[in-house]
>>> print(open('run_5.txt').read())   # compact mmCIF, C-alpha atoms and all ligand atoms
# COMPACT_ATOMS: atom_id res chain seq x y z
CA MET A 1 -20.08 -27.70 -6.01
CA SER A 2 -16.26 -27.41 -5.83
CA ALA A 3 -14.50 -25.30 -3.19
CA THR A 4 -13.42 -22.88 -5.92
CA SER A 5 -16.87 -22.34 -7.36
CA SER A 6 -18.44 -21.89 -3.92
CA THR A 7 -15.83 -19.21 -3.12
CA ALA A 8 -16.56 -17.58 -6.48
CA ALA A 9 -20.31 -17.60 -5.69
CA GLN A 10 -19.67 -16.05 -2.28
CA HIS A 11 -17.56 -13.34 -3.89
CA GLU A 12 -20.23 -12.59 -6.43
CA SER A 13 -22.97 -12.18 -3.82
CA LEU A 14 -20.74 -10.00 -1.62
CA ALA A 15 -19.75 -7.96 -4.66
CA LYS A 16 -23.45 -7.37 -5.31
CA SER A 17 -23.99 -6.16 -1.74
CA PHE A 18 -21.27 -3.51 -2.13
CA ASP A 19 -22.80 -0.10 -2.87
CA VAL A 20 -20.38 1.27 -5.46
CA THR A 21 -22.77 4.13 -6.32
CA TRP A 22 -22.61 5.45 -2.75
CA ALA A 23 -18.82 4.98 -2.68
CA ARG A 24 -18.34 6.90 -5.94
CA GLU A 25 -20.56 9.74 -4.72
CA GLN A 26 -18.06 10.35 -1.90
CA PHE A 27 -15.24 11.10 -4.40
CA PRO A 28 -15.90 14.45 -6.15
CA SER A 29 -12.90 14.09 -8.50
CA LEU A 30 -14.44 11.01 -10.15
CA GLY A 31 -16.67 13.45 -12.06
CA LEU A 32 -13.70 14.74 -14.10
CA GLN A 33 -14.08 14.62 -17.89
CA VAL A 34 -11.45 14.27 -20.62
CA HIS A 35 -12.50 15.45 -24.11
CA GLY A 36 -16.13 15.04 -23.07
CA ARG A 37 -15.67 11.50 -21.70
CA PRO A 38 -15.70 10.57 -18.02
CA ALA A 39 -12.26 9.95 -16.59
CA ALA A 40 -11.56 6.34 -15.55
CA PHE A 41 -9.09 6.43 -12.67
CA LEU A 42 -7.19 3.17 -13.09
CA ASP A 43 -4.06 4.77 -11.61
CA GLY A 44 -4.80 3.92 -7.95
CA PRO A 45 -1.47 2.15 -7.26
CA ALA A 46 0.30 5.50 -7.67
CA GLY A 47 -2.24 7.26 -5.44
CA THR A 48 -6.00 6.96 -5.02
CA GLN A 49 -8.62 9.70 -5.25
CA VAL A 50 -9.85 11.30 -2.04
CA PRO A 51 -13.38 11.37 -0.59
CA ARG A 52 -14.97 14.69 0.35
CA GLN A 53 -14.70 13.78 4.05
CA VAL A 54 -10.89 13.98 3.78
CA MET A 55 -10.99 17.37 2.00
CA ASP A 56 -13.41 18.70 4.65
CA ALA A 57 -11.19 17.52 7.50
CA VAL A 58 -8.16 19.31 6.05
CA GLN A 59 -10.16 22.51 5.65
CA LYS A 60 -11.62 22.19 9.16
CA TYR A 61 -8.14 21.89 10.60
CA PHE A 62 -7.10 25.18 8.97
CA LEU A 63 -10.30 26.90 10.09
CA GLU A 64 -10.38 25.72 13.69
CA ALA A 65 -7.12 24.17 14.86
CA ASN A 66 -4.16 25.59 12.95
CA ALA A 67 -1.21 25.85 15.37
CA ASN A 68 1.83 23.94 16.51
CA THR A 69 1.54 21.30 19.25
CA TYR A 70 1.81 21.64 23.05
CA GLY A 71 1.04 25.36 23.41
CA ALA A 72 -1.09 26.87 26.20
CA PHE A 73 -3.98 28.02 24.00
CA LEU A 74 -7.05 26.71 22.19
CA THR A 75 -5.84 25.96 18.66
CA SER A 76 -2.69 24.28 19.96
CA ARG A 77 -4.74 22.07 22.26
CA ARG A 78 -6.98 21.25 19.31
CA THR A 79 -3.92 20.30 17.26
CA ASN A 80 -2.86 17.91 20.04
CA GLU A 81 -6.34 16.38 19.84
CA VAL A 82 -6.13 16.10 16.04
CA MET A 83 -2.82 14.24 16.33
CA SER A 84 -4.01 11.82 19.01
CA ALA A 85 -7.35 11.16 17.30
CA ALA A 86 -5.50 10.33 14.06
CA ARG A 87 -3.11 8.05 15.96
CA ALA A 88 -6.08 6.23 17.49
CA ALA A 89 -7.67 5.87 14.03
CA MET A 90 -4.47 4.41 12.56
CA ALA A 91 -4.19 2.13 15.61
CA ASP A 92 -7.60 0.69 14.65
CA PHE A 93 -6.41 0.41 11.06
CA PHE A 94 -3.26 -1.53 12.05
CA ASN A 95 -4.77 -3.20 15.15
CA CYS A 96 -2.13 -1.86 17.54
CA ALA A 97 -1.84 0.70 20.35
CA PRO A 98 -1.92 4.42 19.42
CA ASP A 99 1.61 4.96 20.75
CA GLU A 100 2.88 2.40 18.25
CA VAL A 101 1.87 4.65 15.31
CA ILE A 102 4.13 7.27 13.80
CA PHE A 103 3.46 9.73 11.00
CA GLY A 104 5.94 11.02 8.44
CA GLN A 105 6.33 12.63 5.05
CA ASN A 106 5.91 9.40 3.07
CA MET A 107 6.88 5.73 3.30
CA THR A 108 10.26 6.31 1.65
CA THR A 109 11.33 9.02 4.10
CA ILE A 110 10.11 7.00 7.10
CA THR A 111 11.96 3.91 5.88
CA LEU A 112 15.20 5.82 5.22
CA GLY A 113 15.02 7.09 8.83
CA MET A 114 14.19 3.68 10.31
CA ALA A 115 16.92 1.92 8.32
CA ARG A 116 19.45 4.48 9.53
CA ALA A 117 18.34 4.04 13.16
CA ILE A 118 18.31 0.23 12.97
CA GLY A 119 21.59 0.31 11.03
CA ARG A 120 23.26 2.08 13.97
CA GLU A 121 23.13 -1.20 15.87
CA LEU A 122 24.28 -3.51 13.08
CA ARG A 123 27.82 -4.85 12.81
CA PRO A 124 29.92 -5.90 9.81
CA GLY A 125 28.85 -9.39 8.76
CA ASP A 126 25.24 -8.95 9.93
CA GLU A 127 22.82 -9.81 7.14
CA ILE A 128 19.62 -8.26 5.78
CA LEU A 129 17.28 -10.15 3.47
CA LEU A 130 15.57 -8.14 0.71
CA THR A 131 13.46 -9.24 -2.26
CA VAL A 132 13.43 -8.82 -6.04
CA LEU A 133 9.67 -8.16 -5.87
CA ASP A 134 9.81 -5.10 -3.62
CA HIS A 135 9.43 -1.42 -4.44
CA ASP A 136 12.84 0.24 -4.20
CA ALA A 137 11.74 2.13 -1.09
CA ASN A 138 11.98 -1.18 0.80
CA PHE A 139 15.27 -2.04 -0.88
CA SER A 140 17.68 0.90 -1.23
CA PRO A 141 17.28 2.23 2.35
CA TRP A 142 18.58 -1.16 3.58
CA LYS A 143 21.11 -1.65 0.80
CA VAL A 144 22.99 1.52 1.78
CA LEU A 145 23.89 -0.27 5.03
CA GLU A 146 26.46 -2.17 2.96
CA GLU A 147 28.62 0.89 3.71
CA LYS A 148 28.77 -0.44 7.30
CA GLY A 149 29.77 -3.92 6.20
CA VAL A 150 26.22 -5.31 6.41
CA VAL A 151 25.68 -8.16 3.92
CA ILE A 152 22.60 -7.81 1.69
CA ARG A 153 20.95 -10.94 0.32
CA LYS A 154 18.18 -10.90 -2.27
CA VAL A 155 15.24 -13.32 -2.47
CA ASP A 156 14.31 -14.22 -6.04
CA ILE A 157 10.87 -14.70 -7.64
CA ARG A 158 9.33 -17.49 -9.64
CA GLU A 159 9.21 -15.80 -13.03
CA SER A 160 6.20 -17.80 -14.27
CA ASP A 161 3.80 -16.13 -11.80
CA CYS A 162 5.86 -13.36 -10.14
CA THR A 163 5.54 -14.87 -6.66
CA LEU A 164 8.33 -14.90 -4.09
CA ASP A 165 10.49 -18.02 -4.13
CA LEU A 166 10.07 -19.14 -0.51
CA ASP A 167 12.66 -21.92 -0.90
CA ASP A 168 15.17 -19.27 -1.91
CA LEU A 169 14.09 -17.16 1.08
CA LYS A 170 14.54 -20.09 3.48
CA SER A 171 17.96 -20.92 2.03
CA LYS A 172 19.14 -17.33 2.58
CA LEU A 173 17.83 -16.93 6.14
CA ASN A 174 20.39 -17.88 8.76
CA GLY A 175 21.66 -17.01 12.24
CA LYS A 176 23.32 -13.85 10.91
CA THR A 177 20.09 -12.45 9.43
CA ARG A 178 19.06 -9.42 11.49
CA LEU A 179 16.16 -8.18 9.41
CA VAL A 180 13.90 -9.29 6.56
CA ALA A 181 12.35 -6.46 4.52
CA VAL A 182 9.43 -7.61 2.42
CA GLY A 183 6.37 -6.18 0.70
CA TYR A 184 2.84 -7.22 1.67
CA ALA A 185 1.74 -6.88 -1.96
CA SER A 186 3.61 -6.00 -5.14
CA ASN A 187 2.80 -2.56 -6.55
CA ALA A 188 3.94 -3.77 -9.98
CA VAL A 189 2.23 -7.14 -10.49
CA GLY A 190 -0.27 -7.43 -7.62
CA THR A 191 1.17 -10.54 -5.89
CA ILE A 192 0.17 -10.78 -2.22
CA ASN A 193 3.07 -12.28 -0.29
CA PRO A 194 2.54 -14.79 2.57
CA VAL A 195 3.77 -12.25 5.11
CA ALA A 196 2.50 -14.19 8.16
CA GLU A 197 4.59 -17.19 7.14
CA ILE A 198 7.61 -15.01 6.28
CA THR A 199 7.32 -13.29 9.69
CA ARG A 200 7.31 -16.68 11.38
CA LEU A 201 10.39 -17.77 9.41
CA ALA A 202 12.20 -14.51 10.16
CA HIS A 203 11.48 -14.74 13.88
CA ALA A 204 12.52 -18.40 14.00
CA ALA A 205 15.88 -17.30 12.59
CA GLY A 206 16.11 -14.51 15.21
CA ALA A 207 15.52 -11.71 12.65
CA MET A 208 13.07 -8.78 12.72
CA ILE A 209 10.65 -8.16 9.87
CA TYR A 210 9.89 -4.83 8.16
CA ILE A 211 6.76 -5.04 6.01
CA ASP A 212 5.97 -2.57 3.25
CA ALA A 213 2.17 -2.57 3.19
CA VAL A 214 1.88 0.50 0.94
CA HIS A 215 0.36 -1.43 -1.92
CA TYR A 216 -1.69 -3.81 0.20
CA ALA A 217 -3.42 -1.20 2.38
CA PRO A 218 -6.20 -0.19 -0.07
CA HIS A 219 -6.85 -3.85 -0.95
CA GLY A 220 -7.00 -5.75 2.32
CA PRO A 221 -7.22 -5.51 6.11
CA ILE A 222 -4.01 -5.25 8.13
CA ASP A 223 -3.59 -6.90 11.52
CA VAL A 224 -0.12 -6.33 12.95
CA LYS A 225 -1.03 -8.22 16.13
CA ALA A 226 -2.02 -11.36 14.21
CA LEU A 227 1.06 -11.03 12.00
CA ASP A 228 3.27 -10.31 15.02
CA CYS A 229 5.46 -8.21 12.71
CA ASP A 230 8.08 -5.81 14.07
CA PHE A 231 7.41 -2.91 11.69
CA LEU A 232 4.81 -2.25 9.03
CA VAL A 233 4.62 0.88 6.94
CA CYS A 234 2.12 2.33 4.50
CA SER A 235 1.06 5.55 2.79
CA PRO A 236 -2.41 7.04 3.37
CA TYR A 237 -2.45 8.56 -0.13
CA LYS A 238 -2.78 5.01 -1.46
CA PHE A 239 -5.85 4.33 0.69
CA PHE A 240 -7.99 7.40 -0.01
CA GLY A 241 -6.11 9.78 2.29
CA PRO A 242 -3.61 12.60 1.86
CA HIS A 243 0.03 12.44 0.75
CA MET A 244 1.80 11.18 3.88
CA GLY A 245 3.32 8.01 5.31
CA THR A 246 2.62 6.15 8.55
CA LEU A 247 4.36 3.32 10.37
CA TYR A 248 3.51 0.73 12.98
CA GLY A 249 6.45 -0.20 15.18
CA LYS A 250 6.34 -2.65 18.09
CA ARG A 251 6.57 -0.50 21.18
CA GLU A 252 9.65 -2.33 22.46
CA HIS A 253 11.47 -1.47 19.20
CA LEU A 254 10.35 2.16 19.15
CA GLU A 255 11.73 2.43 22.69
CA ARG A 256 14.95 0.49 22.13
CA PHE A 257 16.19 1.97 18.82
CA LYS A 258 17.39 5.55 18.83
CA PRO A 259 15.95 7.94 16.26
CA TYR A 260 18.06 10.66 14.63
CA LYS A 261 16.53 13.81 16.10
CA VAL A 262 17.23 17.33 17.34
CA ARG A 263 17.90 17.87 21.07
CA PRO A 264 14.88 19.99 22.09
CA ALA A 265 12.44 17.54 20.47
CA THR A 266 10.77 15.07 22.82
CA ASP A 267 12.39 11.75 23.67
CA SER A 268 9.03 10.11 24.28
CA VAL A 269 7.62 7.41 22.02
CA PRO A 270 6.13 7.68 19.44
CA GLU A 271 6.68 11.42 18.80
CA CYS A 272 10.48 11.16 19.05
CA TRP A 273 10.31 9.35 15.69
CA GLU A 274 8.44 12.24 13.99
CA THR A 275 11.01 14.64 12.64
CA GLY A 276 10.16 18.34 12.91
CA THR A 277 6.63 19.71 12.66
CA GLN A 278 4.19 17.25 11.12
CA VAL A 279 1.83 18.19 8.27
CA GLN A 280 -0.94 18.35 10.83
CA GLU A 281 -3.70 19.32 8.39
CA LEU A 282 -2.96 16.15 6.44
CA VAL A 283 -2.83 14.07 9.61
CA ALA A 284 -6.42 15.30 10.15
CA GLY A 285 -7.08 14.00 6.62
CA ILE A 286 -5.63 10.57 7.49
CA HIS A 287 -8.12 10.31 10.35
CA ALA A 288 -10.93 11.17 7.94
CA ALA A 289 -9.74 8.56 5.43
CA VAL A 290 -9.93 5.85 8.10
CA GLU A 291 -13.41 7.11 9.08
CA TYR A 292 -14.45 6.96 5.42
CA ILE A 293 -13.46 3.27 5.19
CA ALA A 294 -15.25 2.60 8.50
CA GLU A 295 -18.39 4.33 7.19
CA LEU A 296 -18.24 2.10 4.14
CA GLY A 297 -18.00 -0.86 6.53
CA TRP A 298 -21.04 0.20 8.55
CA ARG A 299 -23.00 0.47 5.32
CA CYS A 300 -22.05 -3.15 4.56
CA ASP A 301 -22.61 -4.42 8.11
CA VAL A 302 -24.79 -2.30 10.40
CA ASN A 303 -23.96 -4.64 13.28
CA ALA A 304 -20.20 -4.02 13.17
CA LYS A 305 -19.24 -3.05 16.73
CA GLY A 306 -16.63 -0.32 16.82
CA ARG A 307 -14.37 1.22 14.19
CA ARG A 308 -12.00 -1.75 13.83
CA ALA A 309 -14.93 -4.10 13.16
CA ALA A 310 -16.33 -1.62 10.64
CA LEU A 311 -12.97 -1.45 8.84
CA LEU A 312 -12.92 -5.25 8.59
CA ALA A 313 -16.51 -5.22 7.26
CA ALA A 314 -15.49 -2.67 4.61
CA TYR A 315 -12.61 -4.82 3.43
CA ARG A 316 -14.78 -7.96 3.37
CA SER A 317 -16.97 -6.30 0.77
CA THR A 318 -14.30 -4.40 -1.19
CA VAL A 319 -12.02 -7.46 -1.49
CA ALA A 320 -14.90 -9.42 -3.05
CA TYR A 321 -15.88 -6.51 -5.30
CA GLU A 322 -12.30 -5.91 -6.47
CA ARG A 323 -11.80 -9.61 -7.11
CA ALA A 324 -14.84 -9.69 -9.40
CA LEU A 325 -13.44 -6.68 -11.32
CA ALA A 326 -9.95 -8.23 -11.53
CA THR A 327 -11.45 -11.48 -12.85
CA GLN A 328 -13.28 -9.56 -15.58
CA LEU A 329 -10.12 -7.58 -16.43
CA ILE A 330 -7.71 -10.51 -16.53
CA SER A 331 -9.96 -12.76 -18.58
CA GLY A 332 -10.42 -9.90 -21.09
CA LEU A 333 -6.68 -9.19 -21.23
CA LEU A 334 -5.76 -12.83 -21.85
CA LYS A 335 -7.89 -12.74 -25.01
CA ILE A 336 -5.81 -9.93 -26.58
CA PRO A 337 -3.49 -11.53 -29.16
CA GLY A 338 0.22 -11.32 -28.29
CA LEU A 339 -0.33 -9.80 -24.82
CA ARG A 340 2.36 -10.78 -22.28
CA PHE A 341 0.87 -11.01 -18.80
CA PHE A 342 2.95 -10.72 -15.61
CA GLY A 343 1.82 -12.38 -12.38
CA ILE A 344 -0.92 -14.74 -11.27
CA SER A 345 -3.56 -15.26 -13.98
CA ASP A 346 -5.29 -18.43 -12.72
CA PRO A 347 -8.65 -17.44 -11.11
CA ALA A 348 -8.32 -20.34 -8.65
CA ARG A 349 -5.35 -18.48 -7.15
CA PHE A 350 -6.79 -14.96 -7.03
CA GLU A 351 -6.58 -14.93 -3.23
CA GLU A 352 -2.82 -14.66 -3.77
CA ARG A 353 -3.18 -11.45 -5.75
CA CYS A 354 -4.87 -8.07 -5.58
CA SER A 355 -6.50 -6.13 -8.40
CA THR A 356 -3.30 -4.53 -9.74
CA VAL A 357 -2.44 -5.97 -13.13
CA SER A 358 0.57 -5.51 -15.43
CA PHE A 359 1.23 -6.58 -18.98
CA ARG A 360 2.85 -5.69 -22.29
CA LEU A 361 1.06 -5.53 -25.59
CA ALA A 362 2.47 -6.98 -28.81
CA LYS A 363 2.37 -3.51 -30.35
CA GLY A 364 3.97 -0.25 -29.17
CA THR A 365 5.62 0.60 -25.88
CA PRO A 366 3.82 0.84 -22.53
CA THR A 367 4.13 4.64 -22.85
CA ASP A 368 2.44 4.53 -26.28
CA ALA A 369 -0.44 2.50 -24.82
CA ALA A 370 -0.77 4.73 -21.72
CA THR A 371 -0.83 7.83 -23.96
CA PHE A 372 -3.48 6.30 -26.24
CA LEU A 373 -5.61 5.43 -23.20
CA GLY A 374 -4.98 8.79 -21.52
CA GLU A 375 -6.35 10.58 -24.60
CA ARG A 376 -9.52 8.56 -24.14
CA GLY A 377 -9.80 9.52 -20.48
CA ILE A 378 -8.45 6.22 -19.15
CA PHE A 379 -5.65 6.78 -16.64
CA THR A 380 -3.04 4.01 -16.36
CA TRP A 381 0.67 3.93 -15.56
CA ASP A 382 3.62 2.78 -17.64
CA GLY A 383 7.20 2.07 -16.55
CA ASN A 384 8.72 0.24 -13.57
CA PHE A 385 6.91 2.09 -10.71
CA TYR A 386 10.22 1.93 -8.77
CA ALA A 387 10.00 -1.88 -8.66
CA LEU A 388 13.36 -1.67 -10.40
CA ASN A 389 14.73 -5.11 -9.46
CA LEU A 390 11.57 -6.77 -10.76
CA SER A 391 11.58 -4.81 -14.01
CA GLU A 392 15.20 -5.86 -14.58
CA ARG A 393 14.55 -9.47 -13.54
CA LEU A 394 11.65 -9.73 -16.02
CA GLY A 395 13.84 -8.27 -18.78
CA VAL A 396 11.52 -5.35 -19.50
CA GLU A 397 13.49 -2.47 -17.96
CA GLN A 398 15.16 -1.56 -21.29
CA LEU A 399 11.82 -1.90 -23.10
CA GLY A 400 9.91 0.74 -21.16
CA GLY A 401 8.65 -1.60 -18.43
CA VAL A 402 5.01 -2.62 -18.39
CA LEU A 403 1.54 -1.08 -18.55
CA ARG A 404 -0.17 -1.18 -15.14
CA VAL A 405 -3.90 -1.07 -14.44
CA GLY A 406 -4.96 -0.62 -10.83
CA LEU A 407 -8.53 -1.26 -9.71
CA VAL A 408 -9.84 -0.07 -6.37
CA HIS A 409 -13.35 -0.14 -4.92
CA TYR A 410 -14.52 3.04 -6.69
CA ASN A 411 -13.82 1.51 -10.12
CA THR A 412 -16.57 -0.20 -12.08
CA ALA A 413 -17.23 -3.05 -14.51
CA GLU A 414 -18.11 -0.41 -17.15
CA GLU A 415 -14.66 1.14 -16.76
CA VAL A 416 -13.03 -2.28 -17.18
CA ASP A 417 -15.08 -2.83 -20.36
CA ARG A 418 -14.06 0.57 -21.67
CA LEU A 419 -10.40 -0.19 -20.98
CA LEU A 420 -10.57 -3.60 -22.69
CA GLY A 421 -12.29 -2.03 -25.72
CA ALA A 422 -9.59 0.66 -25.98
CA LEU A 423 -6.76 -1.88 -25.59
CA ASN A 424 -8.26 -4.03 -28.35
CA GLU A 425 -8.56 -0.93 -30.53
CA PHE A 426 -4.91 0.01 -29.81
CA SER A 427 -3.73 -3.54 -30.55
CA ALA A 428 -5.69 -3.81 -33.80
CA ALA A 429 -4.75 -0.36 -35.23
C1 LIG B 501 4.78 -0.83 -2.61
C2 LIG B 501 5.27 0.57 -2.43
N1 LIG B 501 6.17 0.82 -1.48
C3 LIG B 501 6.64 2.05 -1.23
C4 LIG B 501 6.23 3.11 -2.00
C5 LIG B 501 6.77 4.48 -1.68
O1 LIG B 501 5.79 5.18 -1.00
P1 LIG B 501 5.92 6.75 -0.71
O2 LIG B 501 5.55 7.45 -1.97
O3 LIG B 501 4.94 6.99 0.39
O4 LIG B 501 7.32 7.01 -0.30
C6 LIG B 501 5.31 2.92 -3.02
C7 LIG B 501 4.88 4.04 -3.88
O5 LIG B 501 4.42 3.85 -4.96
C8 LIG B 501 4.80 1.61 -3.23
O6 LIG B 501 3.89 1.37 -4.18
>>> encode(input="run_5.txt", output="C-alpha cells")
Amino acid sequence: MSATSSTAAQHESLAKSFDVTWAREQFPSLGLQVHGRPAAFLDGPAGTQVPRQVMDAVQKYFLEANANTYGAFLTSRRTNEVMSAARAAMADFFNCAPDEVIFGQNMTTITLGMARAIGRELRPGDEILLTVLDHDANFSPWKVLEEKGVVIRKVDIRESDCTLDLDDLKSKLNGKTRLVAVGYASNAVGTINPVAEITRLAHAAGAMIYIDAVHYAPHGPIDVKALDCDFLVCSPYKFFGPHMGTLYGKREHLERFKPYKVRPATDSVPECWETGTQVQELVAGIHAAVEYIAELGWRCDVNAKGRRAALLAAYRSTVAYERALATQLISGLLKIPGLRFFGISDPARFEERCSTVSFRLAKGTPTDAATFLGERGIFTWDGNFYALNLSERLGVEQLGGVLRVGLVHYNTAEEVDRLLGALNEFSAA
C-alpha cells in the first residue's frame, strides 16, 4: 500500500468516526428552509453558523453578569470572570498564556491598530513583506505605512496551484525586513501556507511575523508555541463563535510596543490593547465556542486530558472529515465541462489545502451561479472576498471574481451531491 493510499484510508476511517449528526444537532440554524428545501450552508468562509451553546452563553451574560469591568459589585465581578475565562479558553485554543490574548471588534480593526502601533517604531527604508495570496485585512493595514517611508514588498504565487512562491519570498527577505505578514490559509482558494517554515525564515532574517489565521482557524489546530510566531490573529465568527476578533501576541511584544489608547484606560497587558468597552456578551460567546469544539473533541476521544487536548482531538476528526468532503467536491467539480479551477486539485497534496474551493464555470458570472444556487437553498459566495491582489493576479477581478464553496464540519456528503447536481444543471441549461 502506498503512503498516499494509507493516509487516505486513515482519513476515511477517522471521517467515519466523526459524529456529524450530533454536530449538526448543536446548530439550530441548520434547520432553515428555502422554498421548502433545507438550506445548505456552504458559506462558512464568510462566517460559520453558531451552536446553541454560544447563543445560551450570550443570553446568560445578559441575565446574570451585564455590567462594565472592575466595579465593586456582583455583576461587575462576574464580568471580570467572563473576560478572564474567555481569555483562558482562547489561550488553550492558541496554546499560549491567557495574558497573551486580546479581544477586539474584528480581525481588521485589531490589525489596523497593531500595524499603527508597530509602525510607530519603523523608520524610512525599513521593509515589510506582504503576499499576493492574503486577504486585504493583512495587506492594507501594513501598506499604509508607506506614508512613513516603509518599503512594501509583495510575495507572488505560483499561478498553476495558487501556492505561495517561497523562492520569491526568500529573495525578498533581507536585513531590512522588519515584519512578514502572511495568511495561514487562503480564504479565496484554500491553500494552507507553510507558516512554520516562513516564521523560521522571517526570524533568521531578524523580522517578526504576523499571521492571519482567520481562514485556518475552523479547519485546523493552531499552536503559536510550536510556530514561535510573534502575532497571530483570527475571528471567532469563522469558528462557530460570535462576530469578534482575537489576537495572540508574544508577551514581550505586547509589553514593548505602545498601543494607541486613552489615558484613564489601564496600561497593563493585555487589556491596554483592548480599546474601550469590549462586547462582553460576545466574549462570553467566544468562550462557549471554544467549549463547543472541546466537547466535540471529547466525543471523539474520551481520554483527551484537558481542554487543549480535547481541541486537538476535535480537529483530528474534523480535518479528516472535511478532507473527505473536499475530495468528493473537487473530483465532482473537475468533471464539469469548461470549469476553471483555482488552487490545489491533486488529492495527493490535499494536506496543503483546506476545504474551501473556488472556480469559474464556462457559463454565466459567479453572481449568476450564486443566485441560481441561492434560489435552491444552497448558500455560496461570489466575488473576490477581499483577496483583491489574488483576484487581480488571476485575471478574474474584472469578470466578477470566482464562485467559492466552503465546507466545514457541519456540512455533509448529501449537501456536496446537491451542490454538484445544481452546478451541472446550471452549466447544462
Ligand atoms: C483570511 C481572512 N483574513 C481577514 C479577514 C477579516 O476578518 P474580520 O471580518 O474579522 O475583520 C477575513 C474575513 O473574511 C478573512 O477571511
>>> closest_residue(input="run_5.txt", among="A:Val50, A:Val408, A:Ala188, A:Val357", to="ligand LIG 501 (chain B)", atoms="all atoms listed in the file")
A:Ala188
>>> residues_around(input="run_5.txt", residues="Ala428 (chain A)", least_positions_apart="2", cutoff="12 Å", atoms="only C-alpha atoms", output="JSON, numbers by chain")
{"A": [336, 337, 338, 361, 362, 363, 364, 421, 422, 423, 424, 425, 426]}
>>> atom_distance(input="run_5.txt", atom1="CA of Thr412 (chain A)", atom2="CA of Pro236 (chain A)")
22.2 Å
>>> residues_around(input="run_5.txt", residues="Gly113 (chain A)", least_positions_apart="3", cutoff="8 Å", atoms="all atoms listed in the file", output="list in words")
Thr109, Ile110, Arg116, Ala117, Pro259 and Tyr260 of chain A
>>> residues_near_ligand(input="run_5.txt", ligand="ligand LIG 501 (chain B)", cutoff="7 Å", atoms="all atoms listed in the file", output="short mmCIF file (atom, residue, chain, number, x, y, z; two decimals) with C-alpha atoms, in the frame of the given file")
data_model
loop_
_atom_site.label_atom_id
_atom_site.label_comp_id
_atom_site.auth_asym_id
_atom_site.auth_seq_id
_atom_site.Cartn_x
_atom_site.Cartn_y
_atom_site.Cartn_z
CA PRO A 45 -1.47 2.15 -7.26
CA ALA A 46 0.30 5.50 -7.67
CA ASN A 106 5.91 9.40 3.07
CA MET A 107 6.88 5.73 3.30
CA THR A 108 10.26 6.31 1.65
CA THR A 109 11.33 9.02 4.10
CA ASP A 134 9.81 -5.10 -3.62
CA HIS A 135 9.43 -1.42 -4.44
CA ALA A 137 11.74 2.13 -1.09
CA ASN A 138 11.98 -1.18 0.80
CA GLY A 183 6.37 -6.18 0.70
CA ALA A 185 1.74 -6.88 -1.96
CA SER A 186 3.61 -6.00 -5.14
CA ASN A 187 2.80 -2.56 -6.55
CA ASP A 212 5.97 -2.57 3.25
CA ALA A 213 2.17 -2.57 3.19
CA VAL A 214 1.88 0.50 0.94
CA HIS A 215 0.36 -1.43 -1.92
CA CYS A 234 2.12 2.33 4.50
CA SER A 235 1.06 5.55 2.79
CA MET A 244 1.80 11.18 3.88
CA GLY A 245 3.32 8.01 5.31
CA PHE A 385 6.91 2.09 -10.71
#
>>> closest_residue(input="run_5.txt", among="A:Ala326, A:Ala57, A:Val189, A:Val195", to="Ala387 (chain A)", atoms="all atoms listed in the file")
A:Val189
>>> atom_distance(input="run_5.txt", atom1="CA of Ala314 (chain A)", atom2="CA of Tyr61 (chain A)")
26.3 Å
>>> residues_around(input="run_5.txt", residues="region 167-172 of chain A", least_positions_apart="4", cutoff="12 Å", atoms="all atoms listed in the file", output="ChimeraX atom specification")
/A:127-132,151-158,163,176-182,194,197-202,204-205
>>> closest_residue(input="run_5.txt", among="A:Ala429, A:Met114, A:Leu420, A:Cys229", to="Ser331 (chain A)", atoms="only C-alpha atoms")
A:Leu420
>>> atom_distance(input="run_5.txt", atom1="CA of Ser391 (chain A)", atom2="CA of Phe342 (chain A)")
10.6 Å
>>> closest_residue(input="run_5.txt", among="A:Met208, A:Ile192, A:Ala294, A:Leu282", to="Phe93 (chain A)", atoms="all atoms listed in the file")
A:Ala294
